[in-house]
Every structure is written in C-alpha cells, then in structure tokens.
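target-v6.cif (mmCIF, C-alpha atoms) appears below.
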data_upload
loop_
_atom_site.label_atom_id
_atom_site.label_comp_id
_atom_site.auth_asym_id
_atom_site.auth_seq_id
_atom_site.Cartn_x
_atom_site.Cartn_y
_atom_site.Cartn_z
CA PHE A 1 -9.14 35.97 33.20
CA THR A 2 -10.47 36.69 29.74
CA ILE A 3 -7.08 35.49 28.46
CA MET A 4 -7.55 31.99 29.82
CA SER A 5 -11.17 31.40 28.83
CA LYS A 6 -14.01 32.66 26.68
CA ALA A 7 -15.67 35.83 27.93
CA GLN A 8 -19.01 33.98 27.99
CA HIS A 9 -17.74 31.36 30.46
CA PRO A 10 -19.90 31.34 33.64
CA ILE A 11 -16.83 31.66 35.88
CA ILE A 12 -15.83 34.83 34.03
CA ILE A 13 -19.32 36.27 34.40
CA ILE A 14 -19.43 35.50 38.15
CA THR A 15 -15.97 36.97 38.66
CA GLU A 16 -16.88 40.14 36.76
CA LEU A 17 -19.99 40.60 38.91
CA VAL A 18 -17.92 40.33 42.08
CA LYS A 19 -15.33 42.74 40.67
CA TYR A 20 -18.02 45.32 39.94
CA PHE A 21 -19.49 44.91 43.44
CA SER A 22 -16.08 45.47 45.00
CA THR A 23 -15.33 48.46 42.79
CA PHE A 24 -18.58 50.24 43.51
CA THR A 25 -18.81 49.59 47.25
CA PHE A 26 -17.83 53.19 47.92
CA GLU A 27 -20.28 54.54 45.32
CA ILE A 28 -23.10 52.55 46.97
CA GLY A 29 -22.11 54.16 50.25
CA MET A 30 -22.37 57.59 48.72
CA LYS A 31 -25.90 56.83 47.53
CA VAL A 32 -26.72 55.74 51.06
CA ASN A 33 -25.44 59.08 52.31
CA LYS A 34 -27.97 60.87 50.11
CA THR A 35 -30.96 58.95 51.44
CA THR A 36 -29.97 58.53 55.08
CA TYR A 37 -31.03 62.02 56.10
CA ASN A 38 -33.26 63.55 53.44
CA HIS A 39 -34.36 67.16 53.77
CA GLY A 40 -37.30 68.34 51.73
CA ASN A 41 -36.78 68.03 47.97
CA ASN A 42 -33.02 68.32 48.23
CA LYS A 43 -31.77 64.81 47.36
CA ASP A 44 -28.15 65.77 47.98
CA PHE A 45 -28.80 67.03 51.49
CA GLY A 46 -27.45 63.91 53.24
CA CYS A 47 -24.30 63.99 51.17
CA LYS A 48 -23.80 67.69 51.92
CA VAL A 49 -24.23 67.16 55.66
CA TYR A 50 -21.75 64.30 55.61
CA PHE A 51 -19.07 66.27 53.77
CA TYR A 52 -19.70 69.93 54.59
CA GLY A 53 -22.09 70.06 57.56
CA ILE A 54 -24.54 72.44 55.82
CA ASP A 55 -28.23 72.11 54.99
CA SER A 56 -30.17 73.06 51.83
CA THR A 57 -30.28 76.74 52.82
CA GLY A 58 -26.54 76.87 53.35
CA LYS A 59 -26.76 77.03 57.15
CA GLU A 60 -24.70 74.75 59.34
CA VAL A 61 -26.73 71.90 60.85
CA SER A 62 -26.43 70.69 64.40
CA VAL A 63 -23.67 68.38 65.57
CA GLU A 64 -26.36 65.83 66.48
CA ALA A 65 -27.69 65.76 62.90
CA LYS A 66 -24.22 65.28 61.49
CA SER A 67 -23.48 62.54 64.04
CA LYS A 68 -26.64 60.64 63.06
CA ILE A 69 -25.73 60.75 59.38
CA ILE A 70 -22.14 59.64 59.97
CA ALA A 71 -23.18 56.85 62.40
CA LYS A 72 -25.80 55.41 60.06
CA THR A 73 -23.50 55.66 57.05
CA ASN A 74 -20.65 53.99 58.94
CA ASN A 75 -22.90 51.07 59.90
CA ILE A 76 -23.98 50.51 56.32
CA MET A 77 -20.46 50.91 54.96
CA LEU A 78 -19.13 48.49 57.56
CA ALA A 79 -21.70 45.92 56.48
CA LEU A 80 -20.72 46.41 52.82
CA SER A 81 -17.04 46.09 53.75
CA GLY A 82 -17.79 42.83 55.55
CA ILE A 83 -19.76 41.49 52.59
CA ARG A 84 -16.89 42.35 50.25
CA TRP A 85 -14.49 40.58 52.64
CA ILE A 86 -16.54 37.36 52.68
CA LEU A 87 -17.53 37.31 48.98
CA PRO A 88 -14.78 34.88 47.83
CA ILE A 89 -16.27 32.22 50.14
CA PHE A 90 -19.53 32.42 48.21
CA LEU A 91 -17.54 32.38 44.97
CA ILE A 92 -16.35 28.88 45.90
CA LEU A 93 -19.91 27.60 45.67
CA CYS A 94 -20.64 29.59 42.50
CA TYR A 95 -17.60 28.17 40.69
CA ILE A 96 -18.19 24.49 41.49
CA PRO A 97 -20.66 23.66 38.66
CA TYR A 98 -18.37 25.10 35.99
CA ILE A 99 -14.81 24.38 37.06
CA ASP A 100 -12.83 21.43 35.65
CA LYS A 101 -9.28 20.29 34.91
CA GLU A 102 -9.22 22.03 31.53
CA PHE A 103 -10.06 25.34 33.18
CA MET A 104 -7.38 24.79 35.84
CA GLU A 105 -4.82 24.19 33.07
CA LYS A 106 -5.83 27.48 31.45
CA VAL A 107 -5.47 29.26 34.79
CA THR A 108 -2.02 27.68 35.21
CA LYS A 109 -0.94 28.75 31.73
CA THR A 110 -2.03 32.32 32.47
CA LEU A 111 -0.26 32.29 35.84
CA TYR A 112 2.95 31.07 34.19
CA TYR A 113 2.95 34.02 31.76
CA LEU A 114 2.03 36.42 34.57
CA LEU A 115 4.94 35.05 36.60
CA ILE A 116 7.31 35.89 33.73
CA VAL A 117 5.89 39.43 33.57
CA GLN A 118 6.13 39.69 37.37
CA VAL A 119 9.85 38.79 37.37
CA ILE A 120 10.54 41.28 34.54
CA PHE A 121 8.79 44.02 36.54
CA GLN A 122 10.74 43.08 39.66
CA ILE A 123 14.08 43.20 37.83
CA LEU A 124 13.23 46.66 36.46
CA GLN A 125 12.21 47.80 39.94
CA ILE A 126 15.37 46.52 41.59
CA LEU A 127 17.42 48.47 39.05
CA PHE A 128 15.44 51.69 38.67
CA MET A 129 12.82 52.06 41.43
CA PRO A 130 13.49 54.37 44.41
CA PRO A 131 14.19 52.34 47.58
CA ILE A 132 10.71 52.63 49.10
CA TYR A 133 11.33 49.59 51.31
CA GLY A 134 15.02 50.34 51.85
CA THR A 135 18.02 48.82 50.10
CA ASN A 136 19.43 45.29 49.92
CA ILE A 137 23.03 44.20 50.59
CA LEU A 138 23.98 45.34 47.08
CA GLY A 139 22.64 48.85 47.71
CA LEU A 140 19.76 48.33 45.25
CA SER A 141 16.04 48.76 45.84
CA ALA A 142 14.77 46.08 48.26
CA ARG A 143 11.49 44.17 48.58
CA ASN A 144 10.18 44.81 45.07
CA PRO A 145 6.55 43.64 44.65
CA GLY A 146 6.43 43.71 40.82
CA PHE A 147 2.96 44.50 39.48
CA LEU A 148 1.44 43.82 42.92
CA VAL A 149 1.19 46.32 45.77
CA TYR A 150 2.90 44.62 48.70
CA PRO A 151 5.95 42.29 48.96
CA SER A 152 3.93 39.82 51.08
CA THR A 153 1.32 39.51 48.34
CA ALA A 154 4.09 39.07 45.76
CA GLY A 155 5.58 36.27 47.86
CA LEU A 156 2.23 34.49 48.14
CA PHE A 157 1.60 34.98 44.42
CA ALA A 158 4.95 33.31 43.58
CA ASN A 159 4.06 30.32 45.78
CA THR A 160 0.60 30.08 44.23
CA CYS A 161 2.18 29.99 40.77
CA PHE A 162 4.57 27.30 42.00
CA ILE A 163 1.76 25.02 43.22
CA PHE A 164 -0.48 25.53 40.19
CA CYS A 165 2.45 24.85 37.84
CA TYR A 166 3.63 21.86 39.89
CA ILE A 167 0.21 20.21 39.62
CA PHE A 168 -0.99 21.23 36.16
CA LYS A 169 2.18 22.00 34.16
CA LYS A 170 4.59 19.37 32.82
CA ASN A 171 7.89 21.27 32.42
CA LYS A 172 9.82 22.76 35.34
CA LEU A 173 10.85 26.10 33.83
CA TYR A 174 8.71 27.88 36.43
CA ILE A 175 10.94 26.85 39.37
CA PRO A 176 13.83 29.33 38.78
CA LEU A 177 11.26 32.08 38.11
CA VAL A 178 9.53 31.42 41.44
CA VAL A 179 12.84 31.39 43.34
CA LEU A 180 14.01 34.60 41.64
CA SER A 181 10.70 36.34 42.37
CA LEU A 182 10.90 35.35 46.05
CA LEU A 183 14.49 36.55 46.37
CA ILE A 184 13.66 39.91 44.80
CA CYS A 185 10.47 40.59 46.79
CA MET A 186 12.26 39.45 50.00
CA SER A 187 9.00 38.35 51.58
CA SER A 188 9.59 36.43 54.82
CA THR A 189 6.19 34.73 54.59
CA GLY A 190 6.75 33.86 50.93
CA MET A 191 10.16 32.32 51.58
CA PHE A 192 8.89 30.47 54.66
CA ILE A 193 5.98 28.92 52.74
CA PHE A 194 8.22 27.97 49.80
CA LEU A 195 10.75 26.15 52.02
CA ILE A 196 8.00 24.34 53.94
CA ILE A 197 6.43 23.23 50.63
CA CYS A 198 9.81 22.01 49.34
CA PHE A 199 10.43 20.03 52.54
CA PHE A 200 6.92 18.55 52.35
CA LEU A 201 7.41 17.46 48.71
CA LYS A 202 10.76 15.93 49.62
CA ILE A 203 9.36 13.73 52.39
CA PHE A 204 5.90 12.91 50.99
CA HIS A 205 6.94 9.74 49.15
CA SER A 206 9.40 8.67 51.82
CA LYS A 207 8.90 5.39 53.70
CA HIS A 208 9.29 7.36 56.90
CA PHE A 209 6.81 10.07 55.93
CA LYS A 210 4.88 10.04 59.21
CA LEU A 211 8.06 10.23 61.27
CA LEU A 212 9.48 13.04 59.16
CA LEU A 213 6.14 14.88 59.28
CA VAL A 214 6.41 15.06 63.07
CA SER A 215 9.70 16.93 62.62
CA LEU A 216 8.01 19.60 60.46
CA PRO A 217 7.40 22.00 63.40
CA LEU A 218 11.10 21.82 64.30
CA ILE A 219 12.07 22.50 60.68
CA ALA A 220 9.62 25.43 60.65
CA ILE A 221 11.27 26.92 63.77
CA VAL A 222 14.74 26.60 62.22
CA ILE A 223 13.55 28.25 58.98
CA PHE A 224 11.80 31.07 60.86
CA ALA A 225 14.91 31.74 62.96
CA ASN A 226 16.95 32.24 59.79
CA LEU A 227 14.40 34.08 57.64
CA ASP A 228 16.26 37.39 57.65
CA THR A 229 19.39 35.67 56.35
CA LEU A 230 17.44 33.69 53.75
CA THR A 231 15.59 36.77 52.44
CA GLY A 232 18.47 39.23 52.79
CA ARG A 233 16.48 41.53 55.07
CA GLU A 234 17.87 43.50 57.99
CA ALA A 235 18.36 41.42 61.13
CA GLY A 236 15.24 41.43 63.31
CA SER A 237 12.84 42.46 60.51
CA SER A 238 10.90 39.19 60.57
CA ASP A 239 10.60 39.32 64.38
CA ILE A 240 9.20 42.86 64.23
CA SER A 241 6.75 41.94 61.47
CA SER A 242 5.48 38.80 63.21
CA GLY A 243 5.49 40.55 66.61
CA THR A 244 3.18 43.28 65.31
CA ARG A 245 0.67 40.71 64.03
CA ILE A 246 0.80 38.81 67.32
CA GLU A 247 0.08 42.01 69.27
CA ILE A 248 -2.93 42.77 67.06
CA LEU A 249 -4.18 39.21 67.60
CA LYS A 250 -3.72 39.48 71.38
CA GLU A 251 -5.70 42.72 71.50
CA SER A 252 -8.46 41.11 69.44
CA LEU A 253 -8.56 38.06 71.74
CA ASN A 254 -9.05 40.32 74.77
CA ASP A 255 -12.26 41.67 73.25
CA ILE A 256 -13.62 38.46 71.71
CA ASN A 257 -17.34 37.62 71.51
CA ILE A 258 -18.87 34.26 70.62
CA ILE A 259 -20.86 35.99 67.88
CA SER A 260 -19.20 39.15 66.63
CA ASP A 261 -20.85 42.55 66.80
CA LYS A 262 -17.98 44.09 64.78
CA PHE A 263 -18.59 42.59 61.37
CA GLY A 264 -16.58 44.50 58.77
CA THR A 265 -14.25 46.38 61.12
CA ALA A 266 -11.23 44.11 60.54
CA THR A 267 -11.15 44.60 56.76
CA ASN A 268 -8.87 46.50 54.42
CA THR A 269 -11.96 47.99 52.76
CA ALA A 270 -13.17 49.61 55.98
CA VAL A 271 -9.69 50.96 56.70
CA GLY A 272 -9.46 52.36 53.16
CA LEU A 273 -12.79 54.15 53.65
CA ASN A 274 -11.62 55.58 57.01
CA ILE A 275 -14.59 54.07 58.85
CA LYS A 276 -14.58 54.57 62.61
CA ASP A 277 -13.28 51.63 64.72
CA SER A 278 -11.85 49.85 61.67
CA PHE A 279 -8.25 48.67 61.87
CA ILE A 280 -5.59 46.80 59.90
CA ALA A 281 -5.90 43.14 60.95
CA ASP A 282 -2.94 42.13 58.74
CA SER A 283 -3.95 38.46 59.08
CA SER A 284 -6.83 36.30 57.88
CA TYR A 285 -7.10 34.68 61.32
CA THR A 286 -7.40 37.98 63.18
CA SER A 287 -9.86 39.17 60.55
CA VAL A 288 -12.08 36.08 61.01
CA LEU A 289 -11.85 36.38 64.81
CA VAL A 290 -13.03 40.00 64.83
CA ASN A 291 -15.52 39.89 61.96
CA LEU A 292 -17.19 36.58 62.83
CA GLY A 293 -16.33 36.14 66.51
CA GLY A 294 -15.25 33.07 68.47
CA ILE A 295 -17.61 30.79 66.57
CA GLY A 296 -16.05 31.88 63.27
CA ILE A 297 -12.43 31.22 64.27
CA PHE A 298 -13.44 27.91 65.91
CA PHE A 299 -15.13 26.79 62.69
CA LEU A 300 -12.11 27.86 60.60
CA LEU A 301 -9.54 26.03 62.74
CA THR A 302 -11.76 22.94 62.95
CA LEU A 303 -12.17 22.95 59.17
CA LEU A 304 -8.42 23.28 58.60
CA GLY A 305 -7.79 20.42 61.01
CA PHE A 306 -10.39 18.23 59.30
CA ILE A 307 -8.94 18.91 55.83
CA ALA A 308 -5.43 18.12 57.08
CA ILE A 309 -6.47 14.80 58.65
CA TYR A 310 -8.66 13.84 55.68
CA SER A 311 -5.91 14.61 53.15
CA LEU A 312 -3.18 12.85 55.13
CA LYS A 313 -5.33 9.77 55.62
CA ARG A 314 -6.15 9.55 51.90
CA ARG A 315 -2.71 10.75 50.73
CA ARG A 316 -4.08 13.76 48.84
CA LYS A 317 -0.79 15.52 48.18
CA ASN A 318 -2.19 18.31 46.02
CA ILE A 319 -4.85 19.26 48.57
CA LEU A 320 -2.18 19.35 51.28
CA LEU A 321 -0.05 21.67 49.13
CA PHE A 322 -2.90 24.15 48.80
CA LEU A 323 -3.68 23.75 52.50
CA ILE A 324 -0.11 24.73 53.39
CA LEU A 325 -0.28 27.67 50.99
CA TRP A 326 -3.55 29.18 52.21
CA ALA A 327 -3.18 28.27 55.91
CA LEU A 328 0.29 29.81 56.19
CA GLY A 329 -0.42 32.62 53.72
CA GLY A 330 -3.37 33.70 55.83
CA VAL A 331 -1.02 34.46 58.71
CA SER A 332 0.36 37.60 57.04
CA ILE A 333 -2.41 38.80 54.69
CA ILE A 334 -6.20 38.83 54.47
CA ILE A 335 -6.54 36.39 51.59
CA THR A 336 -10.16 37.19 50.75
CA GLU A 337 -9.32 40.87 50.15
CA ASN A 338 -6.03 40.52 48.26
CA PHE A 339 -6.40 40.37 44.48
CA PRO A 340 -5.65 38.07 42.70
CA MET A 341 -5.13 35.74 45.69
CA ASN A 342 -8.82 35.85 46.64
CA LEU A 343 -9.93 34.58 43.22
CA LEU A 344 -7.18 31.95 43.02
CA PHE A 345 -8.15 30.79 46.51
CA ALA A 346 -11.79 30.39 45.47
CA ILE A 347 -10.83 28.59 42.25
CA SER A 348 -8.50 26.09 43.94
CA VAL A 349 -10.97 25.26 46.73
CA SER A 350 -13.83 24.89 44.25
CA TYR A 351 -11.84 22.50 42.06
CA TYR A 352 -10.89 20.13 44.87
CA LEU A 353 -14.30 20.28 46.52
CA LYS A 354 -15.84 19.18 43.24
CA LYS A 355 -13.15 16.57 42.58
CA GLU A 356 -13.46 14.97 46.03
CA TYR A 357 -17.27 15.02 45.80
CA ILE A 358 -17.15 13.20 42.45
CA LEU A 359 -14.63 10.67 43.82
CA TYR A 360 -16.80 10.11 46.87
CA ASN A 361 -19.93 9.49 44.76
CA THR A 362 -18.02 7.25 42.33
CA ASN A 363 -16.60 5.13 45.16
CA ASN A 364 -20.01 4.83 46.80
CA LYS A 365 -21.55 3.79 43.50
CA ARG A 366 -18.94 1.07 43.05
CA LYS A 367 -19.49 -0.19 46.57
CA LYS A 368 -23.23 -0.40 45.97
CA GLU A 369 -22.71 -2.24 42.68
CA ASN A 370 -20.30 -4.70 44.30
CA TYR A 371 -22.73 -5.22 47.18
CA ALA A 372 -25.57 -5.84 44.72
CA LYS A 373 -23.45 -8.42 42.87
CA THR A 374 -22.65 -10.16 46.16
CA ILE A 375 -26.32 -10.46 47.04
CA THR A 376 -27.19 -11.70 43.53
CA ASN A 377 -24.46 -14.32 43.64
#
Just give me the structure as structure tokens.
Amino acid sequence: FTIMSKAQHPIIIITELVKYFSTFTFEIGMKVNKTTYNHGNNKDFGCKVYFYGIDSTGKEVSVEAKSKIIAKTNNIMLALSGIRWILPIFLILCYIPYIDKEFMEKVTKTLYYLLIVQVIFQILQILFMPPIYGTNILGLSARNPGFLVYPSTAGLFANTCFIFCYIFKKNKLYIPLVVLSLLICMSSTGMFIFLIICFFLKIFHSKHFKLLLVSLPLIAIVIFANLDTLTGREAGSSDISSGTRIEILKESLNDINIISDKFGTATNTAVGLNIKDSFIADSSYTSVLVNLGGIGIFFLLTLLGFIAIYSLKRRRKNILLFLILWALGGVSIIITENFPMNLLFAISVSYYLKKEYILYNTNNKRKKENYAKTITN
C-alpha cells in the first residue's frame, strides 16, 4: 500500500496499525500466559506451566493448575481471535473520512501491477512447482495460487482486480490477465463469480433487464453444474468442496444461539493457534453464524438484501458488482481474515458508503433549495 500512496496518508497509518495488531495477537497471548497464574516473583511461571507443566522450583504442578491456566488463556486468545476477525468492519468506518476517487485509482493501478506479477508467478508454478494440488489435463501442476496461499483466494483476488479495473481503469488489458489467472488457479468459486459478473454486465443495459435478472438463478445452476469442466478440475471436485461447506453450516445451525457464546471459535486465527473448540468455518456466513449467533447472520442477510434492492432500484451497477463479488466470495472463504481481500473489502465498502452519503445529502440539499424557491415564488 505504500506504493499507491504516501506513507503519511491516514489510510496507510490505520492499515499499518491493524497489521501490527494481527501480527502480534499471538505475542499478546503469550504475555497473558505470564500473568494469568503468577507464582511469587517468577514472572515466567504462567508461561512455564502452560508449556512444560512445572513450577518455579522445577516440580510438576497439579493438573488442576494447568487446566486453569490453559482455560483462561484460551478464553482470552479466543476473544483476540474474534477481534482480529471483525477488525476489517471497523476499518470501513476508519477509512471513510480519507478515501476518495483518486485513492481508488491508485489502488486500482497497484492491483493491475500485482495482477501481472500474480500471473507471472502462476506460470512459473505451473511449469516448475511440485503438484501439491494434483495435476491438470496436461500433466502439469494444478491449482496454482501465485503469491497467495490458497487457489480460492487467488480466484477471488483475480475477480477483485477485474472489478476495480473495470470501474477505475480505462483500457481493457486486464481482462486476458484475469481470465488466465482464473484458468491457472482453477478455483471453482473464482470462475463461478467471474461468469456471473460477465452475465450481469451483459444484461444490465438491456431493455429486458428485469426479466433476464429473474433467470440469473437458473444461469447460476447451469454454471455450477459445469464448474469442473470449466476449471479443468477432476469430475466431482466442486460437489465435494461445496458439500463439505454445507455440512459445516448444517452442524453450526444445529447448535445456533440468538446471541453467540462462541465468539472467536469460527476463525482461522483460533485454528492456527490450536485453541480448543475452534474449527475451520471455510465460509464467511458460517463464521458470522457461529461468532455472532442468529442475530448476526440475520443482520448480515438483511443488509445484503437491502443493498441489493437499493442498488437495483437506483441502478447502481458498480455497487451491485461489488455486492456479487463479496456475497459470493464469502461462501468459500472468510473474507475478513484473508489478506489482501479483507483490506480491499473495507476499502470498496468505505468508498461507496461515502459516495452514496454525499449523493444523498446533495440530493436533499437540492430538494430543499427547490422547495424554498417554490415557496418564495
């Protein structure tokens, strides 16, 4: 991000602060370990109990003492994991005062160059990388994520670049790069989102837009049924992937509370720290359901529905594009924990929140002025 703006820019400062918080979550937890169960003047006692089960004299402590330390530490680490998970939502509000079209154009320019680097990395991987995810029909390494960790994140990144470039970049050189990146990473979610976006752009300016929009679910079913062919993956791969996520969601629904008492358990951070009861949600929706409860998922779905209706009614094409991206992308990854998607999500939402707020105030001001003129006349 320092490439696309001055280091002193408020957005850069806010982003850096969040990055440092995320990086040192584990270190904070270790400090908590040291103070959770202090023993005399030995400040490291808690840490020793947690890791080795010995006290300051070198003797083994009771199982009960160790259990207390681990339980208290897990609770605090779960809370920190949950805070890290939800941080990008607060970033949206932090970015609003500083974000503008010029900044979005700088982000787009950076994403365009990163997309070029991403494709170069993917080509090198397909030629030289061991087949970690198996091989494609040519016998070469399959599902290459480039400089990202997972193919699903690479697919979402390619689509994000596509939308940013479509809105803020004049030339269309990015299109073949996006398609090539999607074909190499072989992400079912990425290809699905890309085809839905292309269909949406095709029908948006049509006279029969509303009629064609009704057919979108049918088009989505047809695309989903042929995803393995479109991505070049082994037959049944997409069904297995989606089936696993559905099973996780079903299990989460069986244990749902209106207000969650499991905040932080459905996060990648908690899983990475091996915290008890944490699990891989593998979906933003499952993550919201478990971490925030029934009220959280109800609010999320209501908000998505409101944005969709608002944007369709006012013909806000660009907002609808981002809505498709984040709503469908959230099915296969936890957006708020996947870098750089979490920051790009916060930036895009901040920009359009600010833009619509300004438009709303401007329109209201004009209405008041026109009303005042009417009364005067």
- [ ] Just the residues within 10 Å of A:Ile219, please, counting all atoms listed in the file, with nothing from its chain fewer than 6 positions along; format it as a ChimeraX atom specification.
- [x] /A:195-196,199,212-213,225
Save the residues we just selected, C-alpha atoms, as a PDB file, in the frame of the given file?
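Listed below is the output, result03.pdb:
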ATOM      1  CA  LEU A 195      10.750  26.150  52.020  1.00  0.00           C
ATOM      2  CA  ILE A 196       8.000  24.340  53.940  1.00  0.00           C
ATOM      3  CA  PHE A 199      10.430  20.030  52.540  1.00  0.00           C
ATOM      4  CA  LEU A 212       9.480  13.040  59.160  1.00  0.00           C
ATOM      5  CA  LEU A 213       6.140  14.880  59.280  1.00  0.00           C
ATOM      6  CA  ALA A 225      14.910  31.740  62.960  1.00  0.00           C
TER       7      ALA A 225
END
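With distances restricted to only C-alpha atoms, A:Ser187 is the closest residue to A:Pro151 from A:Ser187, A:Pro176, A:Asn136, A:Gly330.
When all atoms listed in the file are used to measure the gap to A:Ile184, the shortest distance among A:Tyr166, A:Phe200, A:Tyr352, A:Phe121 belongs to A:Phe121.
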Open item on the list: I'd like the residues picked by the PyMOL selection byres ((chain A and resi 245) around 12) written out as a PyMOL selection string, using the chain letters and numbers from the file.
Closed with: chain A and resi 238-244+246-252+280-287+330-334
Task: Contact residues around stretch 264-266 of chain A with only C-alpha atoms at 12 Å, ignoring same-chain residues under 2 positions, as a ChimeraX atom specification - done: /A:74-86,248-249,252,260-262,268-293,333-334,337
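Taking atom CA of A:Leu93 and atom CA of A:Tyr113 as the two end points, the separation is 27.5 Å.
Proximity ranking of A:Ile132, A:Leu320, A:Gly190, A:Leu211 relative to A:Ser348 places A:Leu320 first, based on all atoms listed in the file.
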- [ ] Any chance you could resolve the PyMOL selection byres ((chain A and resi 353) around 12) against this file and give the residues as a VMD selection string?
- [x] chain A and resid 92 to 97 99 to 100 307 319 346 to 352 354 to 360
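Going from atom CA of A:Tyr150 to atom CA of A:Leu173 covers 25.0 Å.
Across the structure, atom CA of A:Cys161 and atom CA of A:Leu91 are spaced 20.3 Å apart.
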Task: Residues selected by the PyMOL selection byres ((chain A and resi 168) around 9), written as a list in words - done: Lys101, Met104, Glu105, Thr108, Lys109, Ile163, Phe164, Cys165, Tyr166, Ile167, Lys169 and Lys170 of chain A
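Among the candidates A:Leu230, A:Ala158, A:Leu138, A:Ala308, the residue lying nearest to A:Ile116 is A:Ala158 (atoms considered: all atoms listed in the file).
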